[in-house]
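*Asks:* Take a look at protein_34.cif, mmCIF, C-alpha atoms:
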```cif
data_upload
#
loop_
_atom_site.label_atom_id
_atom_site.label_comp_id
_atom_site.auth_asym_id
_atom_site.auth_seq_id
_atom_site.Cartn_x
_atom_site.Cartn_y
_atom_site.Cartn_z
CA MET U 1 -96.16 36.22 69.16
CA THR U 2 -95.31 39.87 69.68
CA GLY U 3 -94.36 41.78 72.77
CA GLU U 4 -92.45 44.58 74.35
CA VAL U 5 -90.43 45.08 77.49
CA SER U 6 -89.91 48.29 79.40
CA GLU U 7 -87.54 48.98 82.25
CA ARG U 8 -87.43 51.73 84.84
CA THR U 9 -85.05 52.49 87.66
CA ILE U 10 -86.46 53.59 90.99
CA GLU U 11 -84.11 55.38 93.35
CA ASP U 12 -84.81 55.59 97.07
CA THR U 13 -82.57 57.16 99.65
CA ASP U 14 -80.99 53.85 100.58
CA GLU U 15 -81.31 51.78 97.45
CA GLU U 16 -81.80 51.69 93.75
CA ARG U 17 -83.96 49.02 92.11
CA THR U 18 -85.09 48.24 88.63
CA ASP U 19 -88.61 47.33 87.56
CA ILE U 20 -89.13 45.38 84.38
CA PHE U 21 -92.52 45.20 82.71
CA ALA U 22 -93.26 42.86 79.82
CA ASN U 23 -96.29 42.69 77.59
CA MET U 24 -96.84 39.77 75.26
CA SER U 25 -99.55 38.94 72.72
CA VAL U 26 -99.94 35.51 71.17
CA ILE U 27 -102.08 34.79 68.14
CA TYR U 28 -102.85 31.21 67.18
CA ALA U 29 -103.77 30.60 63.56
CA GLY U 30 -103.99 27.60 61.30
CA ASP U 31 -105.00 26.89 57.73
CA THR U 32 -105.71 23.80 55.71
CA PHE U 33 -104.37 23.68 52.17
CA VAL U 34 -105.18 21.14 49.50
CA ASN U 35 -102.80 19.65 46.91
CA VAL U 36 -103.08 16.91 44.31
CA TYR U 37 -101.77 13.86 46.14
CA THR U 38 -98.94 11.99 44.40
CA GLY U 39 -98.02 9.51 47.13
CA ARG U 40 -99.46 6.16 48.16
CA MET U 41 -103.11 5.76 47.19
CA SER U 42 -105.99 4.78 49.43
CA SER U 43 -107.59 1.36 49.21
CA ASN U 44 -110.50 2.54 47.05
CA ILE U 45 -108.20 3.25 44.07
CA ASP U 46 -106.98 0.47 41.80
CA ALA U 47 -103.32 1.57 41.97
CA ASP U 48 -101.16 1.48 45.11
CA SER U 49 -99.27 4.65 44.19
CA PHE U 50 -99.41 7.52 41.72
CA GLU U 51 -96.75 5.87 39.56
CA GLU U 52 -99.02 2.85 39.09
CA LEU U 53 -101.89 4.84 37.58
CA ASP U 54 -102.45 4.56 33.82
CA TRP U 55 -99.86 6.79 32.16
CA THR U 56 -102.62 8.62 30.29
CA LEU U 57 -104.27 9.58 33.59
CA GLY U 58 -100.93 10.67 35.07
CA ARG U 59 -100.26 12.81 32.00
CA GLN U 60 -103.70 14.41 32.14
CA LEU U 61 -103.37 15.14 35.87
CA SER U 62 -100.01 16.76 35.22
CA LYS U 63 -101.44 18.97 32.46
CA THR U 64 -104.48 19.88 34.56
CA VAL U 65 -102.32 20.94 37.53
CA GLN U 66 -100.26 23.12 35.18
CA GLU U 67 -103.45 24.67 33.77
CA TRP U 68 -104.78 25.38 37.28
CA HIS U 69 -101.42 26.98 38.09
CA ASP U 70 -101.68 29.19 35.01
CA ASP U 71 -105.26 30.18 35.88
CA ILE U 72 -104.09 31.42 39.27
CA VAL U 73 -100.72 33.12 38.63
CA SER U 74 -99.98 36.12 36.45
CA SER U 75 -99.24 35.46 32.78
CA GLU U 76 -95.54 36.23 33.22
CA HIS U 77 -95.24 33.23 35.60
CA ALA U 78 -97.42 30.91 33.53
CA LEU U 79 -96.16 27.46 32.56
CA ASN U 80 -98.20 27.26 29.33
CA PRO U 81 -98.48 23.48 29.05
CA SER U 82 -98.52 22.25 25.48
CA SER U 83 -101.71 20.78 24.07
CA GLY U 84 -103.25 19.81 20.77
CA PHE U 85 -102.77 17.01 18.29
CA ILE U 86 -98.97 17.23 18.04
CA ASP U 87 -98.66 17.18 21.83
CA HIS U 88 -100.87 14.08 22.06
CA LEU U 89 -98.93 12.39 19.29
CA GLY U 90 -95.67 13.18 21.08
CA ALA U 91 -97.07 11.74 24.31
CA TRP U 92 -97.83 8.45 22.56
CA SER U 93 -94.35 8.22 21.09
CA ASN U 94 -92.59 9.22 24.31
CA ARG U 95 -94.68 7.56 26.98
CA ASP U 96 -93.21 6.64 30.32
CA THR U 97 -95.37 3.99 31.91
CA SER U 98 -93.95 4.63 35.39
CA ASN U 99 -95.59 8.10 35.57
CA ARG U 100 -92.54 9.36 37.50
CA ARG U 101 -92.08 12.40 35.26
CA TYR U 102 -95.76 13.35 35.65
CA LYS U 103 -95.52 12.92 39.42
CA ASN U 104 -92.38 15.08 39.46
CA THR U 105 -94.07 17.74 37.32
CA ILE U 106 -97.07 17.87 39.66
CA ASP U 107 -94.81 18.05 42.73
CA GLN U 108 -92.71 20.84 41.18
CA VAL U 109 -95.75 22.89 40.17
CA GLN U 110 -97.33 22.48 43.59
CA SER U 111 -94.05 23.43 45.24
CA ARG U 112 -94.14 26.71 43.29
CA ILE U 113 -97.77 27.20 44.33
CA ASN U 114 -96.98 26.50 47.99
CA GLY U 115 -94.35 29.25 47.95
CA SER U 116 -97.00 31.97 48.09
CA PHE U 117 -99.76 32.14 50.69
CA ASP U 118 -102.26 33.87 48.39
CA VAL U 119 -101.59 31.45 45.53
CA ARG U 120 -102.00 28.48 47.90
CA LEU U 121 -105.39 29.82 48.99
CA ALA U 122 -106.51 30.25 45.38
CA TYR U 123 -105.23 26.78 44.45
CA THR U 124 -107.03 25.22 47.42
CA GLU U 125 -110.27 26.88 46.32
CA THR U 126 -109.74 25.64 42.77
CA LEU U 127 -109.19 22.07 43.94
CA LEU U 128 -112.12 22.14 46.35
CA ASP U 129 -114.36 23.26 43.48
CA GLU U 130 -113.25 20.16 41.55
CA VAL U 131 -113.68 17.46 44.20
CA GLU U 132 -116.75 15.66 45.43
CA ALA U 133 -118.73 16.79 48.45
CA ASP U 134 -117.34 14.06 50.72
CA VAL U 135 -113.78 15.31 50.14
CA ARG U 136 -114.86 18.88 50.92
CA ASP U 137 -116.47 17.52 54.10
CA ASP U 138 -113.20 15.74 55.03
CA VAL U 139 -111.28 18.99 54.58
CA ALA U 140 -113.85 20.85 56.69
CA ASP U 141 -113.47 18.20 59.41
CA GLN U 142 -109.70 18.61 59.31
CA GLN U 143 -110.08 22.39 59.61
CA GLU U 144 -112.34 21.94 62.63
CA ALA U 145 -109.77 19.62 64.24
CA ILE U 146 -107.01 22.18 63.67
CA ASN U 147 -109.17 24.95 65.14
CA ALA U 148 -109.96 22.78 68.18
CA GLU U 149 -106.26 22.07 68.68
CA LEU U 150 -105.42 25.77 68.45
CA GLU U 151 -108.19 26.61 70.90
CA GLU U 152 -106.84 23.99 73.32
CA LEU U 153 -103.36 25.47 72.94
CA SER U 154 -104.75 28.91 73.69
CA GLN U 155 -106.47 27.63 76.83
CA GLU U 156 -103.27 25.92 77.98
CA MET U 157 -101.48 29.25 77.59
CA GLU U 158 -104.16 30.93 79.71
CA VAL U 159 -103.62 28.31 82.44
CA TYR U 160 -99.86 28.87 82.28
CA VAL U 161 -100.26 32.63 82.58
CA GLU U 162 -102.55 32.28 85.59
CA ARG U 163 -100.34 29.63 87.26
CA GLU U 164 -97.29 31.87 86.97
CA GLY U 165 -99.19 34.71 88.60
CA LEU U 166 -99.05 36.93 85.57
CA LYS U 167 -101.73 39.54 85.02
CA HIS U 168 -103.72 40.10 81.87
CA THR U 169 -103.35 43.64 80.56
CA GLN U 170 -106.48 43.64 78.46
#
```
Step by step, read the file and then write its structure as structure tokens.

*Replies:*
Amino acid sequence: MTGEVSERTIEDTDEERTDIFANMSVIYAGDTFVNVYTGRMSSNIDADSFEELDWTLGRQLSKTVQEWHDDIVSSEHALNPSSGFIDHLGAWSNRDTSNRRYKNTIDQVQSRINGSFDVRLAYTETLLDEVEADVRDDVADQQEAINAELEELSQEMEVYVEREGLKHTQ
């Protein structure tokens, strides 16, 4: 919301009064962003939560999120996840079957991503390219619901402006 207020003083012979004029613009906007979900799983997945996934899957998801991060950000902010035979051997010798560290890694990387609007947009596009069509359709439905809610909010503001007897300046 942006606006401005101006004031002027009008002097008559008997009195002095002040006029105040205000102009306000309101823009409603909403976006839908996608992240790798690390909370409770839906009923169509064997595990109840991310921590209950096979540790190998949790590890691979963690590495993939780091790689997507590095594909999006500049090289100076890259995480450079380790890979190769020695990395895989180390994973076998230092496995954590709870997947908590992989969940934490994913959450930390996505927190960094969510700190920048442009990076979040690029990450969302990357994830949407990776998911199945039904997930993309779900996201599109959510975007439509957000747009409908914003449109309703805009209409409610119009009703308020008219009810208060305010005039549109455009």

*Asks:* Counting only C-alpha atoms, what is within 8 Å of U:Glu151, bar same-chain residues fewer than 4 positions away, as a ChimeraX atom specification?

*Replies:* /U:28,147,155

*Asks:* Just the number, please: distance in Å from atom CA of U:Asn104 to atom CA of U:Pro81, one decimal.

*Replies:*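 A separation of 14.7 Å between them.
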
*Asks:* Would you list the contacts of U:Ile27 as a PyMOL selection string, taking every protein, DNA or RNA residue within 12 Å and counting all atoms listed in the file, but skipping same-chain residues closer than 5 positions in sequence?

*Replies:* chain U and resi 1-3+150-151+153-154+157

*Asks:* If we count all atoms listed in the file and set the cut-off at 12 Å, which residues sit around U:Tyr123, ignoring sequence neighbours fewer than 2 positions away in its own chain? Please answer as a PyMOL selection string.

*Replies:* chain U and resi 32-36+65-73+109-121+125-130

*Asks:* To one decimal place, how far is atom CA of U:Ala29 from atom CA of U:Gln143 in Å?

*Replies:*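 Spanning atom CA of U:Ala29 to atom CA of U:Gln143 is a straight-line distance of 11.1 Å.
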